[in-house]
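Student: Before anything else, here's the structure in question.
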Amino acid sequence: IKNEKLQFPICVYLKGGKYTALSMQCTHQGCELNPNKTSLVCPCHGSEFSTEGKVQSAPADKDLKQFKVITDNENIYIEQ
Ligand code: FES
């Protein structure tokens with residue numbers, strides 16, 4: 001998801017009926033992550049994050065910024 005107010009896109013995963021919305025900005029030095037089905041990988045220095053935003057591989061040592069997600073029958077709302 002892209003939003004003109006955000007410098008980096010948000011990646012939304014759905015796992016076990018629960019949505020997770022993650023900033024795609026690497027917490028190491030700020031490169032944009034490449035998302036895939038099971039993780040988000042940084043092209044700059046190789047950090048890897050789980051689809052829950054947790055650090056899996058260094059050099060990053062902080063989890064990804066997460067956004068609150070609210071859903072109703074038709075929509076998904078992502079709060080900043
Ligand atoms: Fe992502 Fe360095 S900026 S690993």
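Ligands are numbered from 1 in the order shown, chains are lettered A, B, ... in the order of the structure tokens, and residues start at 1 in each chain.
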Could you list the protein, DNA and RNA residues that have any atom within 6 Å of ligand 1, counting only C-alpha atoms and all ligand atoms, and write them as a list in words?
Tutor: Cys26, His28, Gln29, Gly30, Cys31, Cys42, Cys44, His45, Gly46, Ser47, Pro59 and Ala60 of chain A
Student: Please produce a file of those selected residues containing N, CA, C and O atoms, as a compact mmCIF listing (two decimals), in the first residue's frame.
Tutor:
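The new file again32.txt reads:
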# COMPACT_ATOMS: atom_id res chain seq x y z
N CYS A 26 13.53 -0.41 6.28
CA CYS A 26 14.45 -1.21 7.10
C CYS A 26 14.87 -0.39 8.31
O CYS A 26 15.15 0.81 8.21
N HIS A 28 17.58 -0.73 9.94
CA HIS A 28 19.04 -0.56 10.00
C HIS A 28 19.42 0.82 9.48
O HIS A 28 19.68 1.72 10.26
N GLN A 29 19.40 1.00 8.18
CA GLN A 29 19.74 2.32 7.64
C GLN A 29 18.68 2.86 6.69
O GLN A 29 18.95 3.76 5.89
N GLY A 30 17.50 2.29 6.75
CA GLY A 30 16.37 2.93 6.07
C GLY A 30 16.12 2.56 4.62
O GLY A 30 15.35 3.25 3.95
N CYS A 31 16.71 1.51 4.09
CA CYS A 31 16.41 1.11 2.71
C CYS A 31 15.00 0.52 2.64
O CYS A 31 14.45 0.08 3.65
N CYS A 42 16.06 -7.01 3.16
CA CYS A 42 16.64 -5.72 2.80
C CYS A 42 17.70 -5.90 1.71
O CYS A 42 18.64 -6.69 1.89
N CYS A 44 19.95 -3.80 0.89
CA CYS A 44 21.19 -3.05 1.18
C CYS A 44 22.24 -3.88 1.91
O CYS A 44 23.37 -3.99 1.47
N HIS A 45 21.88 -4.45 3.07
CA HIS A 45 22.87 -5.21 3.84
C HIS A 45 22.34 -6.56 4.30
O HIS A 45 22.92 -7.20 5.17
N GLY A 46 21.20 -6.97 3.76
CA GLY A 46 20.74 -8.35 3.97
C GLY A 46 19.91 -8.64 5.21
O GLY A 46 19.65 -9.81 5.50
N SER A 47 19.48 -7.62 5.95
CA SER A 47 18.62 -7.91 7.11
C SER A 47 17.34 -8.57 6.64
O SER A 47 16.87 -8.33 5.53
N PRO A 59 22.13 -7.07 9.86
CA PRO A 59 22.53 -6.15 10.93
C PRO A 59 21.40 -5.39 11.63
O PRO A 59 21.65 -4.77 12.67
N ALA A 60 20.19 -5.38 11.11
CA ALA A 60 19.12 -4.66 11.82
C ALA A 60 18.93 -5.29 13.20
O ALA A 60 19.06 -6.51 13.35
Student: Set the distance at 10 Å and use only C-alpha atoms: which residues neighbour Glu48 of chain A once local chain neighbours fewer than 6 positions away are removed? I'd like the list as a ChimeraX atom specification.
Tutor: /A:26,33-35,39-42,54-60,63
Student: Once you have the residues from the selection above, write them out as a PDB file, in the first residue's frame, restricted to N, CA and C atoms.
Tutor:
ATOM      1  N   CYS A  26      13.525  -0.414   6.275  1.00  0.00           N
ATOM      2  CA  CYS A  26      14.446  -1.206   7.095  1.00  0.00           C
ATOM      3  C   CYS A  26      14.871  -0.388   8.313  1.00  0.00           C
ATOM      4  N   LEU A  33      12.450  -2.332   1.907  1.00  0.00           N
ATOM      5  CA  LEU A  33      12.536  -3.797   1.937  1.00  0.00           C
ATOM      6  C   LEU A  33      11.835  -4.421   0.744  1.00  0.00           C
ATOM      7  N   ASN A  34      12.282  -5.620   0.382  1.00  0.00           N
ATOM      8  CA  ASN A  34      11.607  -6.422  -0.641  1.00  0.00           C
ATOM      9  C   ASN A  34      10.768  -7.481   0.060  1.00  0.00           C
ATOM     10  N   PRO A  35       9.436  -7.374  -0.039  1.00  0.00           N
ATOM     11  CA  PRO A  35       8.593  -8.357   0.632  1.00  0.00           C
ATOM     12  C   PRO A  35       8.414  -9.609  -0.220  1.00  0.00           C
ATOM     13  N   SER A  39       8.738 -13.451   4.269  1.00  0.00           N
ATOM     14  CA  SER A  39       9.617 -12.514   4.971  1.00  0.00           C
ATOM     15  C   SER A  39       9.771 -11.218   4.182  1.00  0.00           C
ATOM     16  N   LEU A  40      10.464 -10.262   4.805  1.00  0.00           N
ATOM     17  CA  LEU A  40      10.837  -9.029   4.100  1.00  0.00           C
ATOM     18  C   LEU A  40      12.356  -8.946   4.171  1.00  0.00           C
ATOM     19  N   VAL A  41      13.000  -8.756   3.018  1.00  0.00           N
ATOM     20  CA  VAL A  41      14.452  -8.803   2.954  1.00  0.00           C
ATOM     21  C   VAL A  41      14.983  -7.451   2.495  1.00  0.00           C
ATOM     22  N   CYS A  42      16.058  -7.010   3.157  1.00  0.00           N
ATOM     23  CA  CYS A  42      16.642  -5.720   2.802  1.00  0.00           C
ATOM     24  C   CYS A  42      17.701  -5.899   1.714  1.00  0.00           C
ATOM     25  N   LYS A  54       9.303  -9.002  13.003  1.00  0.00           N
ATOM     26  CA  LYS A  54      10.415  -9.275  13.930  1.00  0.00           C
ATOM     27  C   LYS A  54      11.717  -9.484  13.152  1.00  0.00           C
ATOM     28  N   VAL A  55      12.805  -8.978  13.712  1.00  0.00           N
ATOM     29  CA  VAL A  55      14.120  -9.159  13.084  1.00  0.00           C
ATOM     30  C   VAL A  55      14.478 -10.642  13.073  1.00  0.00           C
ATOM     31  N   GLN A  56      14.868 -11.154  11.921  1.00  0.00           N
ATOM     32  CA  GLN A  56      15.311 -12.544  11.798  1.00  0.00           C
ATOM     33  C   GLN A  56      16.809 -12.618  11.519  1.00  0.00           C
ATOM     34  N   SER A  57      17.333 -11.615  10.810  1.00  0.00           N
ATOM     35  CA  SER A  57      18.768 -11.606  10.496  1.00  0.00           C
ATOM     36  C   SER A  57      19.304 -10.193  10.629  1.00  0.00           C
ATOM     37  N   ALA A  58      20.506 -10.066  11.248  1.00  0.00           N
ATOM     38  CA  ALA A  58      21.191  -8.781  11.396  1.00  0.00           C
ATOM     39  C   ALA A  58      21.661  -8.306  10.012  1.00  0.00           C
ATOM     40  N   PRO A  59      22.132  -7.072   9.865  1.00  0.00           N
ATOM     41  CA  PRO A  59      22.526  -6.146  10.931  1.00  0.00           C
ATOM     42  C   PRO A  59      21.398  -5.388  11.626  1.00  0.00           C
ATOM     43  N   ALA A  60      20.194  -5.378  11.114  1.00  0.00           N
ATOM     44  CA  ALA A  60      19.123  -4.662  11.822  1.00  0.00           C
ATOM     45  C   ALA A  60      18.934  -5.292  13.202  1.00  0.00           C
ATOM     46  N   ASP A  63      12.791  -4.291  15.473  1.00  0.00           N
ATOM     47  CA  ASP A  63      11.664  -4.789  14.681  1.00  0.00           C
ATOM     48  C   ASP A  63      11.092  -3.668  13.819  1.00  0.00           C
TER      49      ASP A  63
END
Student: Quote the spacing between atom CA of Pro43 of chain A and atom CA of Gly16 of chain A in Å to one decimal place.
Tutor: 28.1 Å
Student: Find the residues near segment 2-8 of chain A: any atom within 8 Å, counting only C-alpha atoms, skip ones fewer than 2 places away on the same chain, and give them as a compact mmCIF listing (two decimals) with all heavy atoms, in the first residue's frame.
Tutor:
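And here's around-v6.txt as it stands now:
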# COMPACT_ATOMS: atom_id res chain seq x y z
N ILE A 10 3.49 0.47 2.88
CA ILE A 10 3.13 -0.44 3.96
C ILE A 10 2.83 -1.79 3.34
O ILE A 10 2.17 -1.86 2.30
CB ILE A 10 1.89 0.08 4.71
CG1 ILE A 10 2.21 1.41 5.41
CG2 ILE A 10 1.39 -0.94 5.74
CD1 ILE A 10 0.99 2.08 6.02
N SER A 23 5.67 -1.25 8.13
CA SER A 23 6.40 -0.29 7.30
C SER A 23 7.47 -1.05 6.54
O SER A 23 8.13 -1.94 7.09
CB SER A 23 7.08 0.76 8.19
OG SER A 23 8.01 1.49 7.43
N MET A 24 7.68 -0.67 5.29
CA MET A 24 8.70 -1.34 4.48
C MET A 24 10.05 -0.63 4.55
O MET A 24 10.90 -0.82 3.69
CB MET A 24 8.22 -1.47 3.03
CG MET A 24 7.12 -2.53 2.91
SD MET A 24 6.36 -2.59 1.31
CE MET A 24 7.74 -2.96 0.26
N GLN A 25 10.23 0.16 5.60
CA GLN A 25 11.52 0.83 5.80
C GLN A 25 12.37 -0.01 6.74
O GLN A 25 11.99 -0.26 7.90
CB GLN A 25 11.32 2.23 6.39
CG GLN A 25 12.64 2.96 6.58
CD GLN A 25 12.45 4.36 7.12
OE1 GLN A 25 11.44 4.69 7.73
NE2 GLN A 25 13.42 5.20 6.85
N GLU A 32 14.45 0.49 1.43
CA GLU A 32 13.12 -0.10 1.25
C GLU A 32 13.25 -1.62 1.12
O GLU A 32 14.03 -2.12 0.32
CB GLU A 32 12.43 0.48 0.02
CG GLU A 32 10.98 0.00 -0.10
CD GLU A 32 10.20 0.78 -1.15
OE1 GLU A 32 10.35 2.01 -1.25
OE2 GLU A 32 9.43 0.13 -1.89
Student: With distances taken over only C-alpha atoms, which of A:Glu74, A:Phe67, A:Thr51, A:Thr27 is nearest to Leu14 of chain A?
Tutor: A:Thr51
Student: Identify which of the residues A:Asp72, A:Asn36, A:Glu52, A:Asp61 lies closest to Lys15 of chain A, counting only C-alpha atoms when measuring atom-to-atom distances.
Tutor: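 So, comparing all the options, the nearest one is A:Glu52.
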